[in-house]
$ cat query-v6.cif   # mmCIF, C-alpha atoms
data_final
loop_
_atom_site.group_PDB
_atom_site.id
_atom_site.type_symbol
_atom_site.label_atom_id
_atom_site.label_comp_id
_atom_site.auth_asym_id
_atom_site.auth_seq_id
_atom_site.Cartn_x
_atom_site.Cartn_y
_atom_site.Cartn_z
ATOM 1 C CA MET M 1 -0.568 -56.349 56.689
ATOM 2 C CA ASN M 2 -3.884 -54.824 57.785
ATOM 3 C CA ILE M 3 -6.093 -55.086 54.694
ATOM 4 C CA HIS M 4 -9.837 -55.115 55.263
ATOM 5 C CA GLU M 5 -11.546 -58.201 53.918
ATOM 6 C CA THR M 6 -13.731 -56.133 51.571
ATOM 7 C CA ALA M 7 -10.792 -54.259 50.001
ATOM 8 C CA VAL M 8 -9.665 -55.256 46.512
ATOM 9 C CA VAL M 9 -5.877 -55.290 46.148
ATOM 10 C CA ASP M 10 -4.378 -56.550 42.886
ATOM 11 C CA SER M 11 -1.592 -59.098 43.243
ATOM 12 C CA GLY M 12 0.544 -56.796 41.090
ATOM 13 C CA ALA M 13 0.402 -54.004 43.675
ATOM 14 C CA GLU M 14 3.321 -53.643 46.118
ATOM 15 C CA LEU M 15 2.339 -52.720 49.653
ATOM 16 C CA ASP M 16 4.618 -52.576 52.678
ATOM 17 C CA PRO M 17 3.406 -54.930 55.445
ATOM 18 C CA THR M 18 2.633 -51.930 57.669
ATOM 19 C CA VAL M 19 0.162 -50.371 55.204
ATOM 20 C CA ILE M 20 -3.463 -50.153 56.378
ATOM 21 C CA VAL M 21 -6.208 -50.497 53.767
ATOM 22 C CA GLY M 22 -9.794 -49.664 54.720
ATOM 23 C CA PRO M 23 -13.089 -51.262 53.660
ATOM 24 C CA TYR M 24 -13.955 -51.346 49.952
ATOM 25 C CA ALA M 25 -10.748 -49.620 48.881
ATOM 26 C CA ILE M 26 -9.392 -50.591 45.451
ATOM 27 C CA ILE M 27 -5.662 -50.756 44.720
ATOM 28 C CA GLU M 28 -4.703 -51.739 41.186
ATOM 29 C CA LYS M 29 -1.666 -53.294 39.565
ATOM 30 C CA GLY M 30 1.324 -50.951 39.273
ATOM 31 C CA VAL M 31 0.719 -49.203 42.594
ATOM 32 C CA SER M 32 3.449 -49.194 45.249
ATOM 33 C CA VAL M 33 2.841 -47.974 48.812
ATOM 34 C CA ALA M 34 5.596 -47.561 51.409
ATOM 35 C CA ALA M 35 5.526 -48.073 55.167
ATOM 36 C CA ASN M 36 2.948 -46.718 57.605
ATOM 37 C CA THR M 37 0.598 -45.279 55.003
ATOM 38 C CA GLU M 38 -3.135 -45.506 55.698
ATOM 39 C CA ILE M 39 -5.658 -45.827 52.865
ATOM 40 C CA GLY M 40 -9.234 -45.002 53.804
ATOM 41 C CA PRO M 41 -12.529 -46.670 52.918
ATOM 42 C CA HIS M 42 -13.580 -46.634 49.248
ATOM 43 C CA ALA M 43 -10.327 -44.976 48.140
ATOM 44 C CA VAL M 44 -9.205 -45.902 44.619
ATOM 45 C CA ILE M 45 -5.521 -45.986 43.658
ATOM 46 C CA GLN M 46 -4.762 -46.729 40.010
ATOM 47 C CA GLY M 47 -2.080 -46.808 37.351
ATOM 48 C CA ILE M 48 1.620 -46.402 37.996
ATOM 49 C CA THR M 49 1.432 -44.677 41.357
ATOM 50 C CA GLU M 50 4.270 -44.471 43.890
ATOM 51 C CA ILE M 51 3.275 -43.456 47.418
ATOM 52 C CA GLY M 52 5.861 -42.869 50.150
ATOM 53 C CA THR M 53 5.795 -43.389 53.912
ATOM 54 C CA GLY M 54 3.413 -42.101 56.557
ATOM 55 C CA ASN M 55 0.700 -40.783 54.260
ATOM 56 C CA LYS M 56 -2.963 -40.672 55.269
ATOM 57 C CA ILE M 57 -5.386 -41.040 52.367
ATOM 58 C CA GLY M 58 -9.033 -40.298 53.133
ATOM 59 C CA PRO M 59 -12.273 -41.994 52.102
ATOM 60 C CA PHE M 60 -13.255 -41.891 48.425
ATOM 61 C CA ALA M 61 -9.965 -40.301 47.364
ATOM 62 C CA THR M 62 -8.940 -41.149 43.778
ATOM 63 C CA ILE M 63 -5.222 -41.240 43.045
ATOM 64 C CA GLY M 64 -3.468 -42.146 39.806
ATOM 65 C CA GLY M 65 -6.493 -41.958 37.544
ATOM 66 C CA PRO M 66 -5.985 -41.184 33.853
ATOM 67 C CA PRO M 67 -5.505 -37.487 33.066
ATOM 68 C CA GLN M 68 -8.477 -35.475 31.875
ATOM 69 C CA ASP M 69 -6.663 -34.581 28.682
ATOM 70 C CA LEU M 70 -7.896 -35.486 25.203
ATOM 71 C CA SER M 71 -4.341 -36.222 24.065
ATOM 72 C CA TYR M 72 -3.978 -39.087 26.526
ATOM 73 C CA LYS M 73 -3.962 -42.540 24.880
ATOM 74 C CA ASN M 74 -3.304 -44.909 27.789
ATOM 75 C CA GLU M 75 0.440 -44.220 27.907
ATOM 76 C CA PRO M 76 2.273 -45.475 31.050
ATOM 77 C CA THR M 77 2.513 -42.157 32.864
ATOM 78 C CA LYS M 78 2.470 -41.919 36.646
ATOM 79 C CA VAL M 79 1.898 -40.167 39.977
ATOM 80 C CA VAL M 80 4.676 -39.893 42.582
ATOM 81 C CA ILE M 81 3.757 -38.871 46.136
ATOM 82 C CA GLY M 82 6.304 -38.294 48.903
ATOM 83 C CA ASN M 83 6.014 -38.752 52.654
ATOM 84 C CA ASN M 84 3.668 -37.693 55.468
ATOM 85 C CA ASN M 85 1.009 -36.103 53.303
ATOM 86 C CA LEU M 86 -2.591 -35.719 54.451
ATOM 87 C CA ILE M 87 -4.905 -36.365 51.499
ATOM 88 C CA ARG M 88 -8.499 -35.980 52.624
ATOM 89 C CA GLU M 89 -11.838 -37.278 51.405
ATOM 90 C CA TYR M 90 -12.741 -37.117 47.707
ATOM 91 C CA VAL M 91 -9.392 -35.649 46.678
ATOM 92 C CA SER M 92 -8.446 -36.509 43.080
ATOM 93 C CA ILE M 93 -4.886 -36.677 41.767
ATOM 94 C CA HIS M 94 -4.321 -37.554 38.098
ATOM 95 C CA ARG M 95 -1.210 -38.956 36.497
ATOM 96 C CA GLY M 96 0.852 -37.100 33.888
ATOM 97 C CA THR M 97 0.726 -36.956 30.118
ATOM 98 C CA VAL M 98 3.355 -37.684 27.489
ATOM 99 C CA ARG M 99 2.877 -34.145 26.179
ATOM 100 C CA GLY M 100 3.744 -32.919 29.666
ATOM 101 C CA ARG M 101 6.433 -34.242 31.973
ATOM 102 C CA GLY M 102 4.890 -37.728 32.127
ATOM 103 C CA GLU M 103 4.280 -37.601 35.858
ATOM 104 C CA THR M 104 2.443 -35.693 38.543
ATOM 105 C CA LEU M 105 4.685 -34.989 41.547
ATOM 106 C CA ILE M 106 3.695 -34.256 45.146
ATOM 107 C CA GLY M 107 6.364 -33.718 47.801
ATOM 108 C CA ASP M 108 6.229 -34.133 51.579
ATOM 109 C CA GLU M 109 4.001 -32.958 54.453
ATOM 110 C CA ASN M 110 1.293 -31.396 52.304
ATOM 111 C CA MET M 111 -2.364 -31.080 53.284
ATOM 112 C CA LEU M 112 -4.912 -31.507 50.498
ATOM 113 C CA MET M 113 -8.329 -30.875 52.011
ATOM 114 C CA GLY M 114 -11.607 -32.440 50.932
ATOM 115 C CA TYR M 115 -12.644 -32.353 47.257
ATOM 116 C CA SER M 116 -9.439 -30.665 46.107
ATOM 117 C CA HIS M 117 -8.049 -31.663 42.706
ATOM 118 C CA VAL M 118 -4.506 -31.982 41.372
ATOM 119 C CA ALA M 119 -4.519 -32.325 37.584
ATOM 120 C CA HIS M 120 -2.011 -33.985 35.276
ATOM 121 C CA ASP M 121 1.652 -32.959 35.256
ATOM 122 C CA CYS M 122 1.382 -30.728 38.327
ATOM 123 C CA ILE M 123 4.382 -30.319 40.626
ATOM 124 C CA LEU M 124 3.761 -29.637 44.314
ATOM 125 C CA GLY M 125 6.606 -29.010 46.724
ATOM 126 C CA ASN M 126 6.494 -29.482 50.496
ATOM 127 C CA GLN M 127 4.244 -28.255 53.337
ATOM 128 C CA ILE M 128 1.610 -26.839 50.987
ATOM 129 C CA ILE M 129 -2.015 -26.380 52.056
ATOM 130 C CA ILE M 130 -4.860 -26.570 49.540
ATOM 131 C CA ALA M 131 -8.190 -25.938 51.251
ATOM 132 C CA ASN M 132 -11.509 -27.565 50.418
ATOM 133 C CA GLY M 133 -12.450 -27.548 46.750
ATOM 134 C CA GLY M 134 -9.159 -26.104 45.509
ATOM 135 C CA THR M 135 -8.612 -27.000 41.852
ATOM 136 C CA LEU M 136 -5.316 -27.074 39.978
ATOM 137 C CA GLY M 137 -5.321 -27.193 36.186
ATOM 138 C CA GLY M 138 -2.693 -29.211 34.366
ATOM 139 C CA HIS M 139 1.018 -28.352 34.606
ATOM 140 C CA VAL M 140 0.597 -26.094 37.665
ATOM 141 C CA VAL M 141 3.694 -25.657 39.865
ATOM 142 C CA ILE M 142 3.364 -24.792 43.565
ATOM 143 C CA GLU M 143 6.462 -24.042 45.602
ATOM 144 C CA ASP M 144 7.022 -24.989 49.250
ATOM 145 C CA LYS M 145 4.776 -23.666 52.035
ATOM 146 C CA ALA M 146 2.258 -21.911 49.807
ATOM 147 C CA SER M 147 -1.393 -21.890 50.933
ATOM 148 C CA LEU M 148 -4.567 -21.807 48.833
ATOM 149 C CA GLY M 149 -7.924 -20.910 50.382
ATOM 150 C CA GLY M 150 -11.175 -22.729 49.747
ATOM 151 C CA HIS M 151 -12.434 -23.132 46.173
ATOM 152 C CA VAL M 152 -9.416 -21.456 44.589
ATOM 153 C CA GLY M 153 -9.101 -22.260 40.892
ATOM 154 C CA VAL M 154 -5.643 -22.203 39.296
ATOM 155 C CA HIS M 155 -5.303 -21.994 35.500
ATOM 156 C CA GLN M 156 -3.092 -24.540 33.779
ATOM 157 C CA PHE M 157 0.636 -23.723 33.529
ATOM 158 C CA SER M 158 0.399 -21.150 36.345
ATOM 159 C CA ARG M 159 2.947 -21.042 39.175
ATOM 160 C CA ILE M 160 2.359 -20.303 42.852
ATOM 161 C CA GLY M 161 5.448 -19.037 44.684
ATOM 162 C CA THR M 162 6.770 -20.121 48.051
ATOM 163 C CA PHE M 163 5.109 -18.722 51.196
ATOM 164 C CA SER M 164 2.381 -17.083 49.124
ATOM 165 C CA TYR M 165 -1.233 -17.098 50.269
ATOM 166 C CA VAL M 166 -4.161 -17.103 47.814
ATOM 167 C CA GLY M 167 -7.474 -16.013 49.360
ATOM 168 C CA GLY M 168 -10.560 -18.184 49.065
ATOM 169 C CA VAL M 169 -12.720 -18.272 45.917
ATOM 170 C CA SER M 170 -9.923 -16.667 43.887
ATOM 171 C CA GLY M 171 -9.261 -17.375 40.213
ATOM 172 C CA VAL M 172 -5.550 -17.547 39.427
ATOM 173 C CA THR M 173 -4.714 -16.970 35.767
ATOM 174 C CA LYS M 174 -1.193 -15.550 36.186
ATOM 175 C CA ASP M 175 1.804 -16.503 38.314
ATOM 176 C CA VAL M 176 1.556 -15.629 42.006
ATOM 177 C CA PRO M 177 4.920 -14.241 43.204
ATOM 178 C CA PRO M 178 6.573 -15.754 46.284
ATOM 179 C CA TYR M 179 5.813 -14.334 49.749
ATOM 180 C CA MET M 180 2.716 -12.410 48.597
ATOM 181 C CA ILE M 181 -0.905 -12.373 49.767
ATOM 182 C CA VAL M 182 -3.267 -12.233 46.789
ATOM 183 C CA ALA M 183 -6.998 -12.549 46.175
ATOM 184 C CA GLY M 184 -9.566 -11.891 43.467
ATOM 185 C CA THR M 185 -10.796 -13.315 40.190
ATOM 186 C CA ARG M 186 -9.159 -13.110 36.787
ATOM 187 C CA ASN M 187 -8.363 -9.465 35.977
ATOM 188 C CA ARG M 188 -9.385 -8.445 39.508
ATOM 189 C CA MET M 189 -6.647 -10.481 41.181
ATOM 190 C CA ARG M 190 -4.760 -8.160 43.538
ATOM 191 C CA VAL M 191 -1.709 -8.251 45.811
ATOM 192 C CA SER M 192 -2.363 -6.919 49.309
ATOM 193 C CA GLY M 193 1.117 -7.268 50.807
ATOM 194 C CA ILE M 194 3.739 -9.782 51.879
ATOM 195 C CA ASN M 195 2.847 -12.814 53.963
ATOM 196 C CA HIS M 196 4.782 -11.542 56.973
ATOM 197 C CA ILE M 197 2.868 -13.695 59.476
ATOM 198 C CA GLY M 198 3.706 -16.886 57.582
ATOM 199 C CA LEU M 199 7.315 -15.812 57.246
ATOM 200 C CA LYS M 200 7.657 -15.026 60.974
ATOM 201 C CA ARG M 201 6.051 -18.341 61.936
ATOM 202 C CA ASN M 202 8.665 -20.138 59.873
ATOM 203 C CA GLY M 203 11.608 -18.385 61.464
ATOM 204 C CA VAL M 204 12.477 -15.841 58.775
ATOM 205 C CA SER M 205 14.492 -13.051 60.376
ATOM 206 C CA THR M 206 13.084 -9.577 60.952
ATOM 207 C CA ALA M 207 15.927 -8.148 58.856
ATOM 208 C CA ASP M 208 15.022 -10.325 55.846
ATOM 209 C CA ILE M 209 11.335 -9.503 56.195
ATOM 210 C CA LYS M 210 12.211 -5.810 56.230
ATOM 211 C CA LYS M 211 14.280 -6.197 53.044
ATOM 212 C CA LEU M 212 11.509 -8.184 51.376
ATOM 213 C CA ARG M 213 9.010 -5.457 52.285
ATOM 214 C CA GLY M 214 11.340 -2.884 50.724
ATOM 215 C CA ALA M 215 11.538 -4.926 47.528
ATOM 216 C CA PHE M 216 7.751 -5.286 47.569
ATOM 217 C CA LYS M 217 7.342 -1.510 47.617
ATOM 218 C CA ILE M 218 9.669 -1.136 44.632
ATOM 219 C CA ILE M 219 8.115 -3.907 42.541
ATOM 220 C CA PHE M 220 4.429 -3.611 43.404
ATOM 221 C CA LEU M 221 3.792 -0.093 44.648
ATOM 222 C CA ASN M 222 5.939 1.980 42.305
ATOM 223 C CA GLN M 223 3.710 1.867 39.240
ATOM 224 C CA GLU M 224 5.861 4.483 37.483
ATOM 225 C CA LEU M 225 8.554 1.863 36.880
ATOM 226 C CA LEU M 226 8.308 -0.755 34.187
ATOM 227 C CA LEU M 227 8.502 -4.239 35.648
ATOM 228 C CA LYS M 228 12.032 -4.806 34.358
ATOM 229 C CA GLU M 229 13.163 -1.501 35.859
ATOM 230 C CA ALA M 230 11.529 -2.371 39.189
ATOM 231 C CA LEU M 231 13.218 -5.770 39.317
ATOM 232 C CA ASP M 232 16.616 -4.264 38.503
ATOM 233 C CA SER M 233 16.105 -1.644 41.203
ATOM 234 C CA ALA M 234 15.093 -4.238 43.819
ATOM 235 C CA MET M 235 18.143 -6.356 43.021
ATOM 236 C CA LYS M 236 20.451 -3.368 43.212
ATOM 237 C CA GLU M 237 19.087 -2.457 46.652
ATOM 238 C CA TYR M 238 18.621 -5.933 48.214
ATOM 239 C CA SER M 239 20.903 -8.376 46.377
ATOM 240 C CA ASP M 240 22.204 -9.607 49.756
ATOM 241 C CA CYS M 241 18.786 -11.070 50.655
ATOM 242 C CA ASP M 242 18.040 -14.592 49.361
ATOM 243 C CA LEU M 243 14.276 -14.007 49.610
ATOM 244 C CA VAL M 244 14.457 -10.962 47.351
ATOM 245 C CA VAL M 245 16.721 -12.795 44.893
ATOM 246 C CA HIS M 246 14.201 -15.649 44.691
ATOM 247 C CA LEU M 247 11.310 -13.221 44.255
ATOM 248 C CA VAL M 248 13.069 -11.427 41.395
ATOM 249 C CA ASP M 249 14.164 -14.669 39.711
ATOM 250 C CA PHE M 250 10.634 -16.081 39.966
ATOM 251 C CA ILE M 251 9.159 -13.018 38.275
ATOM 252 C CA ARG M 252 11.835 -12.938 35.576
ATOM 253 C CA ASP M 253 11.156 -16.606 34.783
ATOM 254 C CA SER M 254 7.399 -16.093 34.432
ATOM 255 C CA LYS M 255 5.832 -17.168 31.136
ATOM 256 C CA ARG M 256 2.252 -16.165 31.966
ATOM 257 C CA GLY M 257 2.963 -12.820 33.624
ATOM 258 C CA ILE M 258 2.477 -12.140 37.321
ATOM 259 C CA VAL M 259 -0.180 -10.722 39.609
ATOM 260 C CA ARG M 260 1.130 -7.183 40.199
ATOM 261 C CA SER M 261 -1.894 -4.915 40.812
ATOM 262 C CA PHE M 262 -2.044 -3.698 44.417
ATOM 263 C CA SER M 263 -5.004 -3.535 46.766
ATOM 264 C CA GLU M 264 -5.007 -2.108 50.291
ATOM 265 C CA GLU M 265 -7.702 -4.567 51.318
ATOM 266 C CA GLU M 266 -6.460 -7.567 53.310
#

$ encode --input "query-v6.cif" --output "structure tokens"
Amino acid sequence: MNIHETAVVDSGAELDPTVIVGPYAIIEKGVSVAANTEIGPHAVIQGITEIGTGNKIGPFATIGGPPQDLSYKNEPTKVVIGNNNLIREYVSIHRGTVRGRGETLIGDENMLMGYSHVAHDCILGNQIIIANGGTLGGHVVIEDKASLGGHVGVHQFSRIGTFSYVGGVSGVTKDVPPYMIVAGTRNRMRVSGINHIGLKRNGVSTADIKKLRGAFKIIFLNQELLLKEALDSAMKEYSDCDLVVHLVDFIRDSKRGIVRSFSEEE
């Protein structure tokens, strides 16, 4: 086990022999780290935190700290992190609350850039990118392969759909539908189109992209239809497309409302 002599690792922590721990890192009791994970200098890992294989954790990252929630009273909540994530310098990830789901979950192959923050009870899927300074409030859910630009702020309980892209310095206060490109602040948040480049890069067929674009026009461009009418119309026209079905289901399940206003600006 490659643990630097200046690192402080509690005897109650469980580290695979292949784990690398850098200078002055602190790993507390209750932490478990699986094979081939690297923990950078001055990183702090606390509480009940489970970290999978092949992760790279940067300098001064803080993982498993108590949630910034006034209801928290030292209950044994936790953080669970999957495999092959890149967690850069000064990232903070807080464990869950008993009023929430009791755990903060991060999947596989995500990139959390410097100074980004994942608050209590968040759920992140796989292959997500959060650029520098991105901030997630508590209970945020982000689906697979979504991307957030620099200094994006996401309000608690909001959802970010799969393959969506949120432009930098945006303020997200409503749910961001899957496959959409959005940007803006609060009531100025706008949809500018589908993320066709991201979809093509990930092997989505031209036929499915065409159907998704058709559904987009019905749901987001036809302002004469009520949202329920637009969703029913999109399903009637494109029910054979899994992407459209997911888009419609995501919107129907929204508790906060969705970003629907359209902007022609990319």

$ resolve_selection --input "query-v6.cif" --expression "the PyMOL selection byres ((chain M and resi 39) around 9)" --output "ChimeraX atom specification"
/M:19-22,25,37-38,40-44,55-59,61

$ residues_near_point --input "query-v6.cif" --point "(4.7, -40.1, 52.8)" --cutoff "12 Å" --atoms "all atoms listed in the file" --output "PyMOL selection string"
chain M and resi 19+32-39+50-57+80-87+106-111+126-127

$ closest_residue --input "query-v6.cif" --among "M:Thr77, M:Gly257, M:Tyr72, M:Gly153" --to "M:Ile48" --atoms "all atoms listed in the file"
M:Thr77

$ resolve_selection --input "query-v6.cif" --expression "the PyMOL selection byres ((chain M and resi 156) around 10)" --output "ChimeraX atom specification"
/M:119-122,136-141,153-155,157-159,172-174

$ resolve_selection --input "query-v6.cif" --expression "the PyMOL selection byres ((chain M and resi 246) around 12)" --output "JSON, numbers by chain"
{"M": [143, 161, 162, 163, 177, 178, 179, 212, 215, 231, 234, 235, 238, 239, 240, 241, 242, 243, 244, 245, 247, 248, 249, 250, 251, 252, 253]}

$ closest_residue --input "query-v6.cif" --among "M:Pro23, M:Gly133, M:Gly65, M:Pro17" --to "M:His4" --atoms "all atoms listed in the file"
M:Pro23
